[in-house]
$ cat query.json   # JSON, C-alpha atoms
[["chain", "number", "residue", "atom", "x", "y", "z"],
["A", 25, "MET", "CA", 5.16, 10.56, -39.56],
["A", 26, "PRO", "CA", 7.34, 10.02, -36.45],
["A", 27, "GLU", "CA", 6.41, 7.19, -34.11],
["A", 28, "LYS", "CA", 4.60, 8.40, -30.99],
["A", 29, "LYS", "CA", 6.61, 7.70, -27.85],
["A", 30, "PRO", "CA", 4.83, 6.50, -24.68],
["A", 31, "ASP", "CA", 4.39, 9.08, -21.93],
["A", 32, "HIS", "CA", 6.07, 6.76, -19.45],
["A", 33, "PRO", "CA", 9.26, 4.69, -19.49],
["A", 34, "ALA", "CA", 9.00, 1.03, -20.44],
["A", 35, "THR", "CA", 11.17, 0.03, -17.51],
["A", 36, "GLU", "CA", 9.25, 1.72, -14.73],
["A", 37, "ALA", "CA", 8.43, -0.37, -11.68],
["A", 38, "LEU", "CA", 4.77, -0.25, -10.70],
["A", 39, "SER", "CA", 2.89, -1.43, -7.65],
["A", 40, "LEU", "CA", -0.75, -1.57, -6.53],
["A", 41, "TRP", "CA", -1.46, -0.11, -3.12],
["A", 42, "LEU", "CA", -4.57, -0.08, -0.98],
["A", 43, "LEU", "CA", -4.90, 3.35, 0.65],
["A", 44, "PRO", "CA", -6.67, 4.27, 3.90],
["A", 45, "LYS", "CA", -9.43, 6.88, 4.09],
["A", 46, "ARG", "CA", -8.11, 10.40, 4.50],
["A", 47, "ARG", "CA", -8.71, 10.60, 8.27],
["A", 48, "ASP", "CA", -6.85, 7.32, 8.85],
["A", 49, "ALA", "CA", -4.18, 8.23, 6.29],
["A", 50, "ASN", "CA", -3.53, 11.54, 8.09],
["A", 51, "ARG", "CA", -3.23, 9.82, 11.47],
["A", 52, "LEU", "CA", -0.87, 7.16, 10.10],
["A", 53, "GLN", "CA", 1.13, 9.68, 8.04],
["A", 54, "THR", "CA", 1.83, 11.70, 11.17],
["A", 55, "LEU", "CA", 3.09, 8.56, 12.91],
["A", 56, "ILE", "CA", 5.25, 7.48, 9.93],
["A", 57, "THR", "CA", 6.71, 10.99, 9.59],
["A", 58, "ASP", "CA", 7.46, 11.19, 13.34],
["A", 59, "LEU", "CA", 9.24, 7.82, 13.20],
["A", 60, "ALA", "CA", 11.17, 8.80, 10.07],
["A", 61, "THR", "CA", 12.35, 11.98, 11.80],
["A", 62, "LYS", "CA", 13.29, 10.13, 15.00],
["A", 63, "TYR", "CA", 15.23, 7.39, 13.19],
["A", 64, "HIS", "CA", 16.62, 9.49, 10.31],
["A", 65, "CYS", "CA", 14.97, 7.43, 7.59],
["A", 66, "VAL", "CA", 12.52, 8.10, 4.76],
["A", 67, "SER", "CA", 8.88, 8.97, 5.15],
["A", 68, "PHE", "CA", 6.29, 7.42, 2.82],
["A", 69, "LEU", "CA", 2.53, 7.16, 2.38],
["A", 70, "PRO", "CA", 0.63, 4.66, 4.54],
["A", 71, "HIS", "CA", -0.55, 1.73, 2.42],
["A", 72, "ILE", "CA", -1.03, -2.01, 2.10],
["A", 73, "THR", "CA", 0.81, -3.41, -0.91],
["A", 74, "ILE", "CA", -1.52, -5.59, -2.98],
["A", 75, "VAL", "CA", 0.92, -6.13, -5.86],
["A", 76, "PRO", "CA", 4.59, -5.44, -5.19],
["A", 77, "GLU", "CA", 6.96, -4.12, -7.81],
["A", 78, "THR", "CA", 6.11, -5.33, -11.31],
["A", 79, "ARG", "CA", 7.35, -4.32, -14.75],
["A", 80, "GLN", "CA", 3.90, -4.78, -16.33],
["A", 81, "ASN", "CA", 2.75, -2.19, -18.86],
["A", 82, "ARG", "CA", 1.28, 0.89, -17.13],
["A", 83, "THR", "CA", -1.88, 0.88, -19.26],
["A", 84, "GLU", "CA", -2.57, -2.77, -18.43],
["A", 85, "ILE", "CA", -1.97, -2.46, -14.69],
["A", 86, "THR", "CA", -4.08, 0.72, -14.57],
["A", 87, "ALA", "CA", -6.96, -1.10, -16.27],
["A", 88, "ILE", "CA", -6.63, -3.96, -13.78],
["A", 89, "ALA", "CA", -6.69, -1.53, -10.85],
["A", 90, "ARG", "CA", -9.77, 0.26, -12.22],
["A", 91, "GLU", "CA", -11.65, -3.02, -12.72],
["A", 92, "VAL", "CA", -10.73, -4.51, -9.35],
["A", 93, "ALA", "CA", -11.53, -1.28, -7.46],
["A", 94, "SER", "CA", -14.94, -0.98, -9.13],
["A", 95, "ASN", "CA", -15.80, -4.49, -7.89],
["A", 96, "THR", "CA", -14.54, -4.03, -4.32],
["A", 97, "CYS", "CA", -16.35, -2.37, -1.42],
["A", 98, "LEU", "CA", -14.51, -0.18, 1.04],
["A", 99, "PHE", "CA", -13.83, -1.98, 4.31],
["A", 100, "SER", "CA", -12.37, -1.55, 7.78],
["A", 101, "ILE", "CA", -9.73, -3.58, 9.56],
["A", 102, "ASN", "CA", -8.56, -3.73, 13.16],
["A", 103, "PRO", "CA", -4.78, -4.17, 13.04],
["A", 104, "SER", "CA", -3.60, -6.97, 15.27],
["A", 105, "ALA", "CA", 0.06, -6.52, 16.24],
["A", 106, "PHE", "CA", 3.48, -5.18, 15.36],
["A", 107, "TYR", "CA", 6.43, -7.09, 14.10],
["A", 108, "ARG", "CA", 9.97, -6.33, 13.09],
["A", 109, "GLU", "CA", 11.40, -7.80, 9.97],
["A", 110, "PRO", "CA", 15.08, -7.37, 9.15],
["A", 111, "THR", "CA", 14.50, -6.43, 5.52],
["A", 112, "TYR", "CA", 14.76, -2.88, 4.25],
["A", 113, "PHE", "CA", 11.20, -2.40, 3.10],
["A", 114, "ARG", "CA", 9.55, -3.93, 6.15],
["A", 115, "PHE", "CA", 11.57, -3.05, 9.19],
["A", 116, "LEU", "CA", 8.59, -2.29, 11.46],
["A", 117, "THR", "CA", 5.09, -3.13, 10.35],
["A", 118, "VAL", "CA", 1.55, -3.43, 11.62],
["A", 119, "ARG", "CA", 0.17, -6.90, 11.02],
["A", 120, "ILE", "CA", -3.12, -6.77, 9.13],
["A", 121, "PRO", "CA", -5.38, -9.71, 10.02],
["A", 122, "ASP", "CA", -7.17, -11.83, 7.47],
["A", 123, "HIS", "CA", -10.23, -10.10, 6.08],
["A", 124, "PRO", "CA", -12.56, -11.49, 3.37],
["A", 125, "THR", "CA", -12.56, -8.26, 1.32],
["A", 126, "LEU", "CA", -8.78, -7.94, 1.47],
["A", 127, "ASP", "CA", -8.33, -11.57, 0.48],
["A", 128, "SER", "CA", -10.86, -11.16, -2.36],
["A", 129, "LEU", "CA", -9.14, -7.98, -3.58],
["A", 130, "HIS", "CA", -5.82, -9.80, -3.75],
["A", 131, "GLN", "CA", -7.33, -12.83, -5.51],
["A", 132, "ASN", "CA", -9.22, -10.63, -8.00],
["A", 133, "THR", "CA", -6.01, -8.77, -8.81],
["A", 134, "LYS", "CA", -4.26, -12.06, -9.49],
["A", 135, "SER", "CA", -7.18, -13.37, -11.57],
["A", 136, "ALA", "CA", -7.54, -10.20, -13.66],
["A", 137, "SER", "CA", -3.94, -10.14, -14.74],
["A", 138, "VAL", "CA", -0.89, -11.95, -15.88],
["A", 139, "LEU", "CA", 0.96, -10.42, -12.97],
["A", 140, "SER", "CA", 3.25, -12.64, -11.03],
["A", 141, "VAL", "CA", 1.83, -11.96, -7.58],
["A", 142, "PRO", "CA", 3.84, -13.51, -4.74],
["A", 143, "ALA", "CA", 2.44, -14.83, -1.48],
["A", 144, "PHE", "CA", 0.29, -12.19, 0.18],
["A", 145, "ILE", "CA", 1.34, -11.06, 3.66],
["A", 146, "PRO", "CA", -0.91, -8.11, 4.47],
["A", 147, "HIS", "CA", 0.87, -5.46, 6.47],
["A", 148, "LEU", "CA", 1.21, -1.71, 6.80],
["A", 149, "SER", "CA", 4.81, -0.57, 7.13],
["A", 150, "LEU", "CA", 5.71, 2.11, 9.64],
["A", 151, "ILE", "CA", 9.50, 2.35, 9.23],
["A", 152, "TYR", "CA", 11.71, 1.74, 6.21],
["A", 153, "ALA", "CA", 15.30, 1.72, 7.41],
["A", 154, "ASP", "CA", 18.53, -0.16, 6.89],
["A", 155, "GLN", "CA", 19.12, -0.76, 10.57],
["A", 156, "LEU", "CA", 17.67, 0.41, 13.87],
["A", 157, "PRO", "CA", 18.70, -0.26, 17.46],
["A", 158, "ALA", "CA", 17.75, -3.86, 18.30],
["A", 159, "HIS", "CA", 16.55, -3.12, 21.83],
["A", 160, "ASP", "CA", 14.77, 0.14, 21.11],
["A", 161, "PRO", "CA", 10.99, -0.31, 21.55],
["A", 162, "LEU", "CA", 10.57, 2.00, 18.48],
["A", 163, "LEU", "CA", 7.01, 2.98, 19.40],
["A", 164, "SER", "CA", 5.78, 4.68, 22.53],
["A", 165, "PRO", "CA", 2.54, 3.33, 24.07],
["A", 166, "GLN", "CA", 0.68, 6.33, 22.57],
["A", 167, "GLN", "CA", 2.14, 5.60, 19.11],
["A", 168, "GLN", "CA", 1.16, 1.94, 19.45],
["A", 169, "SER", "CA", -2.39, 3.03, 20.21],
["A", 170, "VAL", "CA", -2.44, 5.26, 17.12],
["A", 171, "ALA", "CA", -1.16, 2.47, 14.88],
["A", 172, "LEU", "CA", -3.58, -0.17, 16.19],
["A", 173, "LYS", "CA", -6.76, 1.88, 15.72],
["A", 174, "GLN", "CA", -9.28, 0.65, 13.19],
["A", 175, "MET", "CA", -8.42, 1.61, 9.60],
["A", 176, "THR", "CA", -10.83, 2.00, 6.70],
["A", 177, "PHE", "CA", -9.51, 1.46, 3.18],
["A", 178, "ASP", "CA", -11.28, 3.19, 0.30],
["A", 179, "ARG", "CA", -8.88, 3.55, -2.64],
["A", 180, "LEU", "CA", -6.64, 1.42, -4.85],
["A", 181, "ALA", "CA", -3.63, 3.19, -6.37],
["A", 182, "VAL", "CA", -1.18, 2.52, -9.16],
["A", 183, "VAL", "CA", 2.19, 3.67, -7.88],
["A", 184, "ASP", "CA", 5.51, 4.26, -9.60],
["A", 185, "VAL", "CA", 8.07, 2.63, -7.27],
["A", 186, "THR", "CA", 11.00, 2.90, -9.68],
["A", 187, "ALA", "CA", 12.97, 5.19, -7.37],
["A", 188, "THR", "CA", 13.65, 5.19, -3.64],
["A", 189, "PRO", "CA", 10.68, 5.25, -1.21],
["A", 190, "ASP", "CA", 10.89, 9.02, -0.71],
["A", 191, "ALA", "CA", 10.33, 9.46, -4.46],
["A", 192, "TRP", "CA", 7.50, 6.95, -4.99],
["A", 193, "LYS", "CA", 4.65, 8.56, -6.89],
["A", 194, "ILE", "CA", 0.94, 7.77, -7.10],
["A", 195, "LEU", "CA", -0.03, 7.73, -10.78],
["A", 196, "HIS", "CA", -3.73, 6.80, -10.59],
["A", 197, "THR", "CA", -6.21, 6.33, -7.77],
["A", 198, "PHE", "CA", -9.50, 4.45, -7.98],
["A", 199, "ARG", "CA", -12.19, 4.59, -5.31],
["A", 200, "LEU", "CA", -13.59, 1.38, -3.90],
["A", 201, "ARG", "CA", -17.38, 1.15, -3.90],
["A", 202, "SER", "CA", -19.05, 2.51, -0.78],
["A", 203, "SER", "CA", -21.38, -0.50, -0.42],
["A", 204, "ALA", "CA", -22.25, -3.79, -2.06],
["A", 205, "SER", "CA", -25.38, -2.18, -3.58],
["A", 206, "ASP", "CA", -23.41, 0.53, -5.43],
["A", 207, "PRO", "CA", -23.17, -0.16, -9.16],
["A", 208, "ALA", "CA", -19.72, -0.83, -10.54],
["A", 209, "ASP", "CA", -18.30, 1.96, -12.70]]

$ encode --input "query.json" --output "structure tokens"
Amino acid sequence: MPEKKPDHPATEALSLWLLPKRRDANRLQTLITDLATKYHCVSFLPHITIVPETRQNRTEITAIAREVASNTCLFSINPSAFYREPTYFRFLTVRIPDHPTLDSLHQNTKSASVLSVPAFIPHLSLIYADQLPAHDPLLSPQQQSVALKQMTFDRLAVVDVTATPDAWKILHTFRLRSSASDPAD
């Protein structure tokens, strides 16, 4: 009998993302798409990266995501500021302030796995680009207002980040609990 091949490549790069509720995701997606059009760069889904690119087995990382999501309540955050970072994947980001649930989610992800999880710098990227004008304010006052509105996060996703950002693909999504009294799945 022939050996069964896995339904996914062994070398795929996976990441865990925290996703905003649909209403917040739609608002942020419009902003990200507008900026991508203005600056001729890629558009992508709004997210906070909990675990950056890893080569861990898809089945294992999916199980970790399911477990961590089932033990985490949805939560809201008030973004605090913008900052530019001269690296490709974080050219313009919204700083996400410390939050006990976010910190716990990150710690639980580290504890539940053998993943090598680097230092956690919570942020939500707005522009992925090689280079943008240094003196351009990038965001209008109205766009700044949109980006700094409260965000509620309600899902944890396993994402294939093997390709370029415009080809990243969500493989699995797990809902966070709606309250501390909800039973874990």

$ atom_distance --input "query.json" --atom1 "CA of Thr61 (chain A)" --atom2 "CA of Asp190 (chain A)"
12.9 Å

$ residues_around --input "query.json" --residues "Ala87 (chain A)" --least-positions-apart "2" --cutoff "12 Å" --atoms "all atoms listed in the file" --output "list in words"
Leu40, Gln80, Asn81, Arg82, Thr83, Glu84, Ile85, Ala89, Arg90, Glu91, Val92, Ala93, Ser94, Thr133, Ala136, Ser137, Leu180, Ala181, Val182, His196, Thr197 and Phe198 of chain A

$ residues_around --input "query.json" --residues "Phe177 (chain A)" --least-positions-apart "6" --cutoff "7 Å" --atoms "all atoms listed in the file" --output "list in words"
Leu42, Leu43, Pro44, Lys45, Leu98, Phe99 and Ser100 of chain A

$ atom_distance --input "query.json" --atom1 "CA of Asn132 (chain A)" --atom2 "CA of Ile145 (chain A)"
15.7 Å

$ closest_residue --input "query.json" --among "A:Arg79, A:His123, A:His130, A:Arg108" --to "Trp41 (chain A)" --atoms "only C-alpha atoms"
A:His130

$ atom_distance --input "query.json" --atom1 "CA of Pro165 (chain A)" --atom2 "CA of Val118 (chain A)"
14.2 Å
